[in-house]
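A.B. asks: Structure in structure tokens, see below.
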Amino acid sequence: MRKFVLVCVLAGLPGLAASSQQQPSPRQQGDALRARDVASGEDAVCEAPVAPKKNLTTWADLTRYAEDNAALPPVAKGEKRVVFYGSSSVDHWGRKDDSVFFPGEPYVNRGISGETTAQMLLRFEQDVVELKPAAVVFLGGTNDPAGNSGPMSLDVTETNIAAMTAIAQANGIKMILASQLPVTQFPWNKCVHAGPILLALSAWEKVFAAEKHLGYVDFYGALVSEDGNFKPGLSVDGVHPTKRAYELMTPVAEDVIHKVLKTR
């Protein structure tokens, strides 16, 4: 849908060459690896369906936060509510591994594990807009290339994120995009070459944020090791952050939130 020049963005990401002339872009690397799998016959393994999420009343789990949203008090005068929105890395924040979710701040967690951007777009109105936040921090998209809700191209993921951004802006909500985390493999779908795809998505998010005057949080830079994976002790399974990782992510997010909302 939209074509961006990624060279200047990718130059700032660890482990990548400064110019696409020296090294293919992450998107090109992912396509090449996929083509290699097809040629070698290994691609057939990747066709196994992903196990569906259980105990859902709707495809996008629209009832997950229904009671919480109804019980949430109106935004107080002078308060600047912030919704953290996304999939499991948001959902686990403050809920798993003794992690802490911004104590004392008017921040609300509306992450749902396993969701793709298509599902997040469907529930964006009720789980973000109706809560009347000043800003929303979006950390999602990892599950799209993993195929959690079926095959999805990067263009579709980008379109969904752009649509959520347009809805937020139309309602006076500041949109803050977060980079993808340093995930190189999905434990539940090991045939997908996650690293190049997610680097390409992060690069697009950074360019899109600059063009649309959005906030951008670089969680990747705070967590990545020299080999492109999480630093030791920062992930429980190569995908989800540990308590220590969330401790490192917290000030990075807060700094951008304060800049976007002009608070301190």
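All residue names refer to the structure tokens as shown: chains lettered A, B, ... in order, residues numbered from 1 in each chain, ligands numbered from 1 in order.
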Identify, on the basis of only C-alpha atoms, every residue whose closest approach to region 244-260 of chain A does not exceed 12 Å; exclude the query and any residue fewer than 5 positions from it along the same chain; express the result as a ChimeraX atom specification.

C.D. replies: /A:80-84,89-103,105-107,134-139,173-179,181-182,209,213-224,230-236,238-239

A.B. asks: One number please: CA of Thr184 (chain A) to CA of Asn229 (chain A), in Å, one decimal.

C.D. replies: 6.3 Å

A.B. asks: I need the residue nearest Met120 (chain A) from this list: A:Ala60, A:Leu154, A:Ala168, A:Val108. Use only C-alpha atoms for the distance.

C.D. replies: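 Checking each of A:Ala60, A:Leu154, A:Ala168, A:Val108 against Met120 (chain A), counting only C-alpha atoms, the winner is A:Ala60.
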
A.B. asks: Quick one: pull the distance between CA of Lys132 (chain A) and CA of Asn171 (chain A), Å, one decimal.

C.D. replies: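 Distance between the two atoms: 8.5 Å.
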
A.B. asks: Restricting the calculation to only C-alpha atoms, which member of A:Val207, A:Ala146, A:Val183, A:Ala200 is positioned closest to Ser225 (chain A)?

C.D. replies: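 Under the stated criterion, the closest residue is A:Val183.
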
A.B. asks: Can you pull out the residues contacting Ala118 (chain A)? Cut-off 9 Å, using only C-alpha atoms, and skip same-chain residues under 2 positions away; I want them as a compact mmCIF listing (two decimals) with all heavy atoms, in the first residue's frame.

C.D. replies:
```txt
# COMPACT_ATOMS: atom_id res chain seq x y z
N ALA A 60 -12.44 -11.34 18.23
CA ALA A 60 -11.49 -10.36 18.76
C ALA A 60 -11.58 -10.23 20.28
O ALA A 60 -11.03 -9.29 20.85
CB ALA A 60 -11.74 -9.00 18.11
N GLU A 115 -3.34 -11.79 20.04
CA GLU A 115 -4.10 -11.07 19.03
C GLU A 115 -3.22 -10.48 17.93
O GLU A 115 -2.06 -10.12 18.15
CB GLU A 115 -4.93 -9.95 19.67
CG GLU A 115 -6.17 -10.46 20.35
CD GLU A 115 -7.25 -9.40 20.47
OE1 GLU A 115 -6.94 -8.19 20.40
OE2 GLU A 115 -8.41 -9.79 20.66
N THR A 116 -3.81 -10.36 16.76
CA THR A 116 -3.19 -9.71 15.62
C THR A 116 -3.75 -8.30 15.48
O THR A 116 -4.73 -7.94 16.15
CB THR A 116 -3.45 -10.49 14.33
OG1 THR A 116 -4.87 -10.53 14.08
CG2 THR A 116 -2.94 -11.92 14.44
N MET A 120 -7.15 -6.31 16.91
CA MET A 120 -7.01 -5.07 17.69
C MET A 120 -7.79 -3.93 17.06
O MET A 120 -8.38 -3.10 17.77
CB MET A 120 -5.53 -4.71 17.81
CG MET A 120 -4.70 -5.70 18.58
SD MET A 120 -2.95 -5.27 18.49
CE MET A 120 -2.20 -6.86 18.74
N LEU A 121 -7.78 -3.86 15.74
CA LEU A 121 -8.53 -2.82 15.04
C LEU A 121 -10.02 -2.94 15.34
O LEU A 121 -10.71 -1.94 15.55
CB LEU A 121 -8.28 -2.92 13.54
CG LEU A 121 -9.07 -1.97 12.63
CD1 LEU A 121 -8.82 -0.51 12.99
CD2 LEU A 121 -8.70 -2.22 11.16
N LEU A 122 -10.51 -4.16 15.41
CA LEU A 122 -11.93 -4.39 15.65
C LEU A 122 -12.37 -3.91 17.03
O LEU A 122 -13.49 -3.41 17.20
CB LEU A 122 -12.24 -5.88 15.49
CG LEU A 122 -13.72 -6.28 15.48
CD1 LEU A 122 -14.45 -5.61 14.33
CD2 LEU A 122 -13.86 -7.80 15.38
N ASP A 144 1.09 -11.04 13.76
CA ASP A 144 0.63 -11.04 12.36
C ASP A 144 1.46 -11.98 11.49
O ASP A 144 0.91 -12.88 10.85
CB ASP A 144 0.66 -9.62 11.79
CG ASP A 144 -0.40 -8.72 12.41
OD1 ASP A 144 -0.77 -8.95 13.57
OD2 ASP A 144 -0.85 -7.78 11.74
N SER A 149 -4.00 -15.34 13.21
CA SER A 149 -5.38 -15.27 12.73
C SER A 149 -5.45 -15.51 11.23
O SER A 149 -6.34 -15.04 10.54
CB SER A 149 -6.01 -13.90 13.07
OG SER A 149 -5.29 -12.84 12.46
N VAL A 156 -0.78 -5.48 5.00
CA VAL A 156 -2.03 -5.56 5.75
C VAL A 156 -1.81 -5.08 7.19
O VAL A 156 -2.62 -4.32 7.74
CB VAL A 156 -2.59 -6.99 5.74
CG1 VAL A 156 -3.79 -7.11 6.68
CG2 VAL A 156 -3.00 -7.39 4.33
N THR A 157 -0.71 -5.51 7.80
CA THR A 157 -0.39 -5.07 9.16
C THR A 157 -0.25 -3.56 9.21
O THR A 157 -0.79 -2.89 10.11
CB THR A 157 0.91 -5.73 9.64
OG1 THR A 157 0.76 -7.15 9.62
CG2 THR A 157 1.26 -5.28 11.06
N ASN A 160 -3.60 -1.83 8.98
CA ASN A 160 -4.36 -1.89 10.24
C ASN A 160 -3.84 -0.88 11.26
O ASN A 160 -4.62 -0.22 11.96
CB ASN A 160 -4.27 -3.30 10.83
CG ASN A 160 -5.03 -4.33 10.01
OD1 ASN A 160 -5.93 -3.99 9.25
ND2 ASN A 160 -4.67 -5.59 10.15
N ILE A 161 -2.52 -0.75 11.35
CA ILE A 161 -1.95 0.22 12.29
C ILE A 161 -2.29 1.64 11.86
O ILE A 161 -2.62 2.50 12.69
CB ILE A 161 -0.42 0.03 12.39
CG1 ILE A 161 -0.09 -1.33 13.01
CG2 ILE A 161 0.22 1.16 13.21
CD1 ILE A 161 1.39 -1.68 13.02
```

A.B. asks: As an exercise, work out the distance from CA of Leu199 (chain A) to CA of Val129 (chain A) in Å and give it to one decimal place.

C.D. replies: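 Pair CA of Leu199 (chain A) / CA of Val129 (chain A) returns 28.5 Å.
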
A.B. asks: Determine the nearest neighbour of Ala66 (chain A) from the options A:Thr117, A:Gln126, A:Asn109, A:Gln180, counting only C-alpha atoms.

C.D. replies: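 That would be A:Gln126, the residue with the smallest distance to Ala66 (chain A).
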
A.B. asks: If you run DSSP on the backbone, which residues of region 212-259 of chain A are alpha helix (DSSP H), as a list in words?

C.D. replies: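 Residues of region 212-259 of chain A classed as alpha helix (DSSP H): Phe219, Tyr220, Gly221, Ala222, Leu223, Lys243, Arg244, Ala245, Tyr246, Glu247, Leu248, Met249, Thr250, Pro251, Val252, Ala253, Glu254, Asp255, Val256, Ile257, His258 and Lys259 of chain A.
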
A.B. asks: Nearest to Thr263 (chain A) among A:Thr242, A:Trp204, A:Gly195, A:Glu79, with distances taken over only C-alpha atoms: which residue is it?

C.D. replies: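 Going through A:Thr242, A:Trp204, A:Gly195, A:Glu79 one by one, the smallest distance to Thr263 (chain A) is for A:Glu79.
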
A.B. asks: Under the rule that only C-alpha atoms are counted, which of A:Asp237, A:Asp61, A:Lys262, A:Glu130 is the nearest residue to Pro187 (chain A)?

C.D. replies: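 The shortest atom-to-atom distance to Pro187 (chain A) comes from A:Asp237.
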
A.B. asks: List every residue of region 36-233 of chain A that DSSP, applied to the backbone of this structure, places in strand (DSSP E), and write the result as a PyMOL selection string.

C.D. replies: chain A and resi 82-86+107-111+135-139+174-178+215-217

A.B. asks: Let's have the selection written as a compact mmCIF listing (two decimals), in the first residue's frame, with N, CA, C and O atoms.

C.D. replies:
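Writing done, so here's again_0.txt:
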```txt
# COMPACT_ATOMS: atom_id res chain seq x y z
N VAL A 82 -3.61 7.17 29.91
CA VAL A 82 -2.88 6.55 28.80
C VAL A 82 -3.26 5.08 28.74
O VAL A 82 -3.22 4.38 29.75
N VAL A 83 -3.66 4.63 27.57
CA VAL A 83 -3.98 3.21 27.37
C VAL A 83 -2.81 2.52 26.70
O VAL A 83 -2.31 2.99 25.67
N PHE A 84 -2.34 1.43 27.28
CA PHE A 84 -1.35 0.58 26.63
C PHE A 84 -2.13 -0.51 25.91
O PHE A 84 -2.93 -1.23 26.52
N TYR A 85 -1.90 -0.61 24.61
CA TYR A 85 -2.74 -1.44 23.75
C TYR A 85 -1.88 -2.37 22.91
O TYR A 85 -0.85 -1.95 22.36
N GLY A 86 -2.28 -3.63 22.81
CA GLY A 86 -1.49 -4.56 22.00
C GLY A 86 -1.80 -6.00 22.34
O GLY A 86 -2.93 -6.34 22.72
N TYR A 107 -2.58 4.97 34.01
CA TYR A 107 -2.37 4.18 32.80
C TYR A 107 -3.23 2.92 32.88
O TYR A 107 -3.40 2.32 33.95
N VAL A 108 -3.74 2.50 31.75
CA VAL A 108 -4.67 1.38 31.67
C VAL A 108 -4.12 0.33 30.70
O VAL A 108 -3.68 0.67 29.60
N ASN A 109 -4.13 -0.93 31.12
CA ASN A 109 -3.65 -2.03 30.28
C ASN A 109 -4.81 -2.68 29.55
O ASN A 109 -5.74 -3.19 30.17
N ARG A 110 -4.74 -2.65 28.21
CA ARG A 110 -5.78 -3.29 27.40
C ARG A 110 -5.14 -4.20 26.34
O ARG A 110 -5.53 -4.23 25.19
N GLY A 111 -4.16 -4.98 26.77
CA GLY A 111 -3.54 -5.96 25.89
C GLY A 111 -4.25 -7.29 25.96
O GLY A 111 -4.81 -7.65 27.00
N ALA A 135 -3.65 9.62 25.43
CA ALA A 135 -2.72 8.96 24.50
C ALA A 135 -2.90 7.46 24.58
O ALA A 135 -3.43 6.92 25.56
N VAL A 136 -2.46 6.78 23.53
CA VAL A 136 -2.44 5.32 23.51
C VAL A 136 -1.07 4.87 23.04
O VAL A 136 -0.53 5.39 22.07
N VAL A 137 -0.47 3.94 23.78
CA VAL A 137 0.81 3.35 23.40
C VAL A 137 0.51 2.01 22.74
O VAL A 137 -0.04 1.11 23.38
N PHE A 138 0.86 1.89 21.47
CA PHE A 138 0.55 0.68 20.71
C PHE A 138 1.78 -0.20 20.58
O PHE A 138 2.77 0.17 19.97
N LEU A 139 1.70 -1.40 21.17
CA LEU A 139 2.77 -2.40 21.07
C LEU A 139 2.14 -3.68 20.55
O LEU A 139 1.63 -4.50 21.31
N LYS A 174 -3.59 11.07 21.25
CA LYS A 174 -2.22 11.00 20.76
C LYS A 174 -1.81 9.54 20.57
O LYS A 174 -1.96 8.72 21.48
N MET A 175 -1.32 9.21 19.39
CA MET A 175 -0.90 7.84 19.11
C MET A 175 0.61 7.72 19.29
O MET A 175 1.38 8.53 18.76
N ILE A 176 1.03 6.72 20.04
CA ILE A 176 2.44 6.43 20.26
C ILE A 176 2.70 5.00 19.80
O ILE A 176 2.14 4.06 20.35
N LEU A 177 3.52 4.85 18.79
CA LEU A 177 3.86 3.52 18.29
C LEU A 177 5.12 3.02 18.97
O LEU A 177 6.07 3.78 19.18
N ALA A 178 5.14 1.75 19.29
CA ALA A 178 6.31 1.13 19.90
C ALA A 178 6.94 0.17 18.90
O ALA A 178 6.25 -0.52 18.15
N GLY A 215 4.25 9.74 18.48
CA GLY A 215 5.35 9.33 19.34
C GLY A 215 5.89 7.99 18.87
O GLY A 215 5.18 7.22 18.22
N TYR A 216 7.14 7.71 19.21
CA TYR A 216 7.74 6.42 18.85
C TYR A 216 8.63 5.96 19.99
O TYR A 216 9.53 6.69 20.43
N VAL A 217 8.36 4.75 20.49
CA VAL A 217 9.11 4.18 21.61
C VAL A 217 10.02 3.08 21.09
O VAL A 217 9.56 2.12 20.47
```
